[in-house]
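> Submitted below is the structure of interest, expressed as structure tokens.
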Amino acid sequence: MTDTTATTASDADRELKARHRSMWASGDYPTLAADLIWSLGPRLVAATGIHDGDRVLDIAAGSGNASIPAAERGAAVVASDLAPELFAVGRRTAAEAGVALEWREADAEDLPFEDAAFDAAVSCVGIMFAPHHEAAASELLRVVRPGGRIGLLSWTPEGFIGRMFGVMKPFAPPLPEGATPAPRWGDEAHVRELLGDQVDDVVAVRETVAIPRFSSGAEFRDYFKSHYGPTIAVYRRIADDPDAVRALDDALALLGDEQIAGDANRTLEWEYLLVTATRR
């Protein structure tokens, strides 16, 4: 690679990260996390075996739905995220819970921590959105000490959120060169390949979280249009094309209606993959 090519790639990467930060800072992800998926944080923390005295890194922590439960167990927690705009709500929630933790702006693909600095690293539907999976996995492994634990919770490609991304894909910009779709972190084979021979005791389970909040697909769609950064970003891209907006509106509402109608309890069941492992 020539110096010019390297500079161009570096500039493109910085631009991509800036777009990602802006995307997650848009809308109201902290409210969405609290409304819909807060229970996933304690589930991940328990599965990873976080306990009193552990030094824990939460990668792509958002507003802390895994960081805060880890701190409540007595761990010393660093909550890191590319979008520090999400930290204000996290700090308030942590204070209300009576726990203290460190909040640190950090790119999952270039973590500002020393090798083997943590007893455990977790990520709750966070690291999956780093565009270069191999780089993010390499950094995750680097910062966990030998014998330390890793816990990852990611939406599956076949589950509701994975299918939602599939619905939005025709309206979204193409992935940059070298990027991998986020839901691949919900594919067990992909995660095992990313972690490779640097881990032992890998356990992978598929589970679901029930979302009873929405009574219709349209209600689900409108909530995501106002709260969820990736959905907001897609709608902004097509804002000047009324036909495209209408088509995406209809497709997202249909996706929600189909799942609500197919569940006896009229809930949205969101499937995720939970992976735990021990660092060699």
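Here's how to read the names in the structure tokens: chain A, B, ... by the order shown, residue numbers from 1 in each chain, ligand numbers from 1 in the order shown.
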Do a neighbour search on Val167 (chain A) at 10 Å with only C-alpha atoms, toss out local chain neighbours closer than 5 positions, and write the hits as a list in words.

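Returned residues: Ile161, Gly162, Ala172, Leu248, Ala251, Leu252 and Leu255 of chain A.
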
> Could those residues be written to a file, using N, CA, C and O atoms, as a short mmCIF file (atom, residue, chain, number, x, y, z; two decimals), in the first residue's frame?


data_model
loop_
_atom_site.label_atom_id
_atom_site.label_comp_id
_atom_site.auth_asym_id
_atom_site.auth_seq_id
_atom_site.Cartn_x
_atom_site.Cartn_y
_atom_site.Cartn_z
N ILE A 161 -34.40 -8.16 15.09
CA ILE A 161 -33.57 -6.99 14.78
C ILE A 161 -32.70 -7.25 13.56
O ILE A 161 -32.50 -6.36 12.72
N GLY A 162 -32.18 -8.47 13.42
CA GLY A 162 -31.45 -8.80 12.21
C GLY A 162 -32.31 -8.65 10.97
O GLY A 162 -31.85 -8.14 9.93
N ALA A 172 -30.36 1.88 2.69
CA ALA A 172 -29.17 2.36 3.37
C ALA A 172 -28.00 2.44 2.40
O ALA A 172 -28.00 1.78 1.36
N LEU A 248 -40.38 2.15 2.86
CA LEU A 248 -39.73 1.71 4.10
C LEU A 248 -40.73 1.74 5.26
O LEU A 248 -40.73 0.82 6.09
N ALA A 251 -42.75 -1.40 4.90
CA ALA A 251 -41.99 -2.63 5.14
C ALA A 251 -41.72 -2.83 6.63
O ALA A 251 -41.83 -3.95 7.15
N LEU A 252 -41.37 -1.77 7.35
CA LEU A 252 -41.11 -1.89 8.78
C LEU A 252 -42.39 -2.19 9.56
O LEU A 252 -42.39 -3.02 10.48
N LEU A 255 -43.22 -5.84 9.00
CA LEU A 255 -42.35 -6.70 9.79
C LEU A 255 -42.85 -6.81 11.23
O LEU A 255 -42.95 -7.91 11.79
#

> Given only C-alpha atoms, how would the per-residue table for region 5-69 of chain A near region 226-229 of chain A read, listing every residue at most 9 Å away with its closest atom pair and distance in Å to one decimal, sorted by chain and number, as a tab-separated table?


residue	atom	partner	partner_atom	distance
A:His20	CA	A:Gly229	CA	8.9
A:Ser22	CA	A:Gly229	CA	8.3
A:Met23	CA	A:Gly229	CA	4.9
A:Trp24	CA	A:Gly229	CA	4.9
A:Ala25	CA	A:Gly229	CA	7.0
A:Ser26	CA	A:Gly229	CA	5.4
A:Gly27	CA	A:His227	CA	4.3
A:Asp28	CA	A:His227	CA	4.5
A:Tyr29	CA	A:Tyr228	CA	5.7
A:Pro30	CA	A:His227	CA	8.7
A:Thr31	CA	A:His227	CA	7.6
A:Leu32	CA	A:His227	CA	6.4

> Determine which residues of region 33-263 of chain A DSSP labels as alpha helix (DSSP H) from the backbone of this structure, then write them out as a PyMOL selection string.

chain A and resi 40-48+67-72+87-97+133-143+160-168+188-195+217-227+229-237+242-262

> Which is closest to Pro157 (chain A) among A:Lys169, A:Lys17, A:His132, A:Arg184, if we use only C-alpha atoms?

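The answer is A:Arg184, which sits nearest to Pro157 (chain A).
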
> Near Arg142 (chain A), within 12 Å and counting only C-alpha atoms, which residues show up once chain neighbours fewer than 5 positions away are dropped, as a ChimeraX atom specification?

/A:57,108-121,135-137,148,150,195,198-199,279-280

> Within 9 Å of Asp222 (chain A), counting only C-alpha atoms, which residues qualify if same-chain residues fewer than 5 places away don't, as a list in words?

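Contacts, with the query itself left out: Gly217, His227, Asp249 and Ala253 of chain A.
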
> Here is a test: counting only C-alpha atoms, which residue of A:Ala95, A:Met168, A:Ala12, A:Leu140 is nearest to Ala244 (chain A)?

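Among the listed residues, the smallest separation from Ala244 (chain A) belongs to A:Met168.
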
> Of the candidates A:Glu271, A:Asp257, A:Glu15, A:Asp241, which shows the shortest atom-to-atom distance to Glu219 (chain A), using only C-alpha atoms?

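Ranked by minimum distance to Glu219 (chain A), first place goes to A:Asp257.
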
> Write out as JSON, numbers by chain the residues lying within 8 Å of Val77 (chain A), counting only C-alpha atoms and excluding same-chain residues fewer than 4 positions away.

{"A": [55, 56, 57, 58, 67, 70, 71, 101, 102]}

> Using only C-alpha atoms, which of A:Val202, A:Val122, A:Leu152, A:Ala210 sits nearest Leu36 (chain A)?

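Among the listed residues, the smallest separation from Leu36 (chain A) belongs to A:Ala210.
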
> Any idea what's packed within 8 Å of Ile211 (chain A), counting only C-alpha atoms, ignoring anything in its chain fewer than 3 positions away? Could you give it as a list in words?

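In the requested form, the answer reads Leu36, Phe214, Thr267, Leu268, Glu269 and Trp270 of chain A.
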
> How would the residues just picked look written out with all heavy atoms as a PDB file, in the first residue's frame?


ATOM      1  N   LEU A  36     -36.690  -0.917  26.584  1.00  0.00           N
ATOM      2  CA  LEU A  36     -36.872  -2.184  25.886  1.00  0.00           C
ATOM      3  C   LEU A  36     -35.881  -3.281  26.275  1.00  0.00           C
ATOM      4  O   LEU A  36     -36.280  -4.451  26.336  1.00  0.00           O
ATOM      5  CB  LEU A  36     -36.770  -1.954  24.364  1.00  0.00           C
ATOM      6  CG  LEU A  36     -37.709  -0.901  23.773  1.00  0.00           C
ATOM      7  CD1 LEU A  36     -37.498  -0.806  22.261  1.00  0.00           C
ATOM      8  CD2 LEU A  36     -39.160  -1.199  24.091  1.00  0.00           C
ATOM      9  N   PHE A 214     -45.259  -2.701  22.126  1.00  0.00           N
ATOM     10  CA  PHE A 214     -45.885  -2.240  20.886  1.00  0.00           C
ATOM     11  C   PHE A 214     -47.138  -3.036  20.564  1.00  0.00           C
ATOM     12  O   PHE A 214     -47.126  -4.267  20.558  1.00  0.00           O
ATOM     13  CB  PHE A 214     -44.885  -2.345  19.732  1.00  0.00           C
ATOM     14  CG  PHE A 214     -43.607  -1.600  19.993  1.00  0.00           C
ATOM     15  CD1 PHE A 214     -42.418  -2.285  20.196  1.00  0.00           C
ATOM     16  CD2 PHE A 214     -43.596  -0.224  20.060  1.00  0.00           C
ATOM     17  CE1 PHE A 214     -41.240  -1.614  20.455  1.00  0.00           C
ATOM     18  CE2 PHE A 214     -42.412   0.468  20.323  1.00  0.00           C
ATOM     19  CZ  PHE A 214     -41.233  -0.231  20.519  1.00  0.00           C
ATOM     20  N   THR A 267     -46.366 -10.091  21.530  1.00  0.00           N
ATOM     21  CA  THR A 267     -45.120  -9.403  21.824  1.00  0.00           C
ATOM     22  C   THR A 267     -44.187  -9.511  20.631  1.00  0.00           C
ATOM     23  O   THR A 267     -44.384 -10.336  19.741  1.00  0.00           O
ATOM     24  CB  THR A 267     -44.409 -10.020  23.047  1.00  0.00           C
ATOM     25  OG1 THR A 267     -44.073 -11.380  22.748  1.00  0.00           O
ATOM     26  CG2 THR A 267     -45.287  -9.967  24.287  1.00  0.00           C
ATOM     27  N   LEU A 268     -43.174  -8.665  20.631  1.00  0.00           N
ATOM     28  CA  LEU A 268     -42.069  -8.818  19.699  1.00  0.00           C
ATOM     29  C   LEU A 268     -40.989  -9.620  20.419  1.00  0.00           C
ATOM     30  O   LEU A 268     -40.508  -9.205  21.476  1.00  0.00           O
ATOM     31  CB  LEU A 268     -41.511  -7.460  19.280  1.00  0.00           C
ATOM     32  CG  LEU A 268     -42.427  -6.559  18.450  1.00  0.00           C
ATOM     33  CD1 LEU A 268     -41.743  -5.222  18.179  1.00  0.00           C
ATOM     34  CD2 LEU A 268     -42.798  -7.222  17.135  1.00  0.00           C
ATOM     35  N   GLU A 269     -40.627 -10.765  19.873  1.00  0.00           N
ATOM     36  CA  GLU A 269     -39.563 -11.586  20.451  1.00  0.00           C
ATOM     37  C   GLU A 269     -38.279 -11.299  19.683  1.00  0.00           C
ATOM     38  O   GLU A 269     -38.190 -11.574  18.493  1.00  0.00           O
ATOM     39  CB  GLU A 269     -39.925 -13.075  20.360  1.00  0.00           C
ATOM     40  CG  GLU A 269     -41.101 -13.480  21.233  1.00  0.00           C
ATOM     41  CD  GLU A 269     -40.735 -13.602  22.704  1.00  0.00           C
ATOM     42  OE1 GLU A 269     -39.525 -13.700  23.013  1.00  0.00           O
ATOM     43  OE2 GLU A 269     -41.660 -13.597  23.540  1.00  0.00           O
ATOM     44  N   TRP A 270     -37.297 -10.725  20.379  1.00  0.00           N
ATOM     45  CA  TRP A 270     -36.040 -10.358  19.741  1.00  0.00           C
ATOM     46  C   TRP A 270     -34.988 -11.391  20.115  1.00  0.00           C
ATOM     47  O   TRP A 270     -34.626 -11.534  21.287  1.00  0.00           O
ATOM     48  CB  TRP A 270     -35.591  -8.978  20.190  1.00  0.00           C
ATOM     49  CG  TRP A 270     -36.505  -7.869  19.756  1.00  0.00           C
ATOM     50  CD1 TRP A 270     -37.652  -7.979  19.016  1.00  0.00           C
ATOM     51  CD2 TRP A 270     -36.350  -6.478  20.037  1.00  0.00           C
ATOM     52  NE1 TRP A 270     -38.215  -6.752  18.809  1.00  0.00           N
ATOM     53  CE2 TRP A 270     -37.448  -5.803  19.428  1.00  0.00           C
ATOM     54  CE3 TRP A 270     -35.407  -5.740  20.730  1.00  0.00           C
ATOM     55  CZ2 TRP A 270     -37.599  -4.424  19.509  1.00  0.00           C
ATOM     56  CZ3 TRP A 270     -35.566  -4.361  20.805  1.00  0.00           C
ATOM     57  CH2 TRP A 270     -36.643  -3.710  20.204  1.00  0.00           C
TER      58      TRP A 270
END

> For a quick check of understanding, using only C-alpha atoms, which of A:Ala34, A:Ala76, A:Ala204, A:Ile260 has the smallest distance to Ile50 (chain A)?

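Smallest separation from Ile50 (chain A) among the options: A:Ala76.
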
> Here is a test: counting only C-alpha atoms, which residue of A:His51, A:Ala179, A:Asp107, A:Pro170 is nearest to Glu139 (chain A)?

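Once distances to Glu139 (chain A) are computed over only C-alpha atoms, the minimum belongs to A:Asp107.
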
> Among region 14-201 of chain A, which ones does DSSP assign to strand (DSSP E or B) (computed from the backbone)? Answer as number ranges by chain.

A: 55-58, 76-81, 102-105, 107, 110, 118-124, 144-155, 199-201
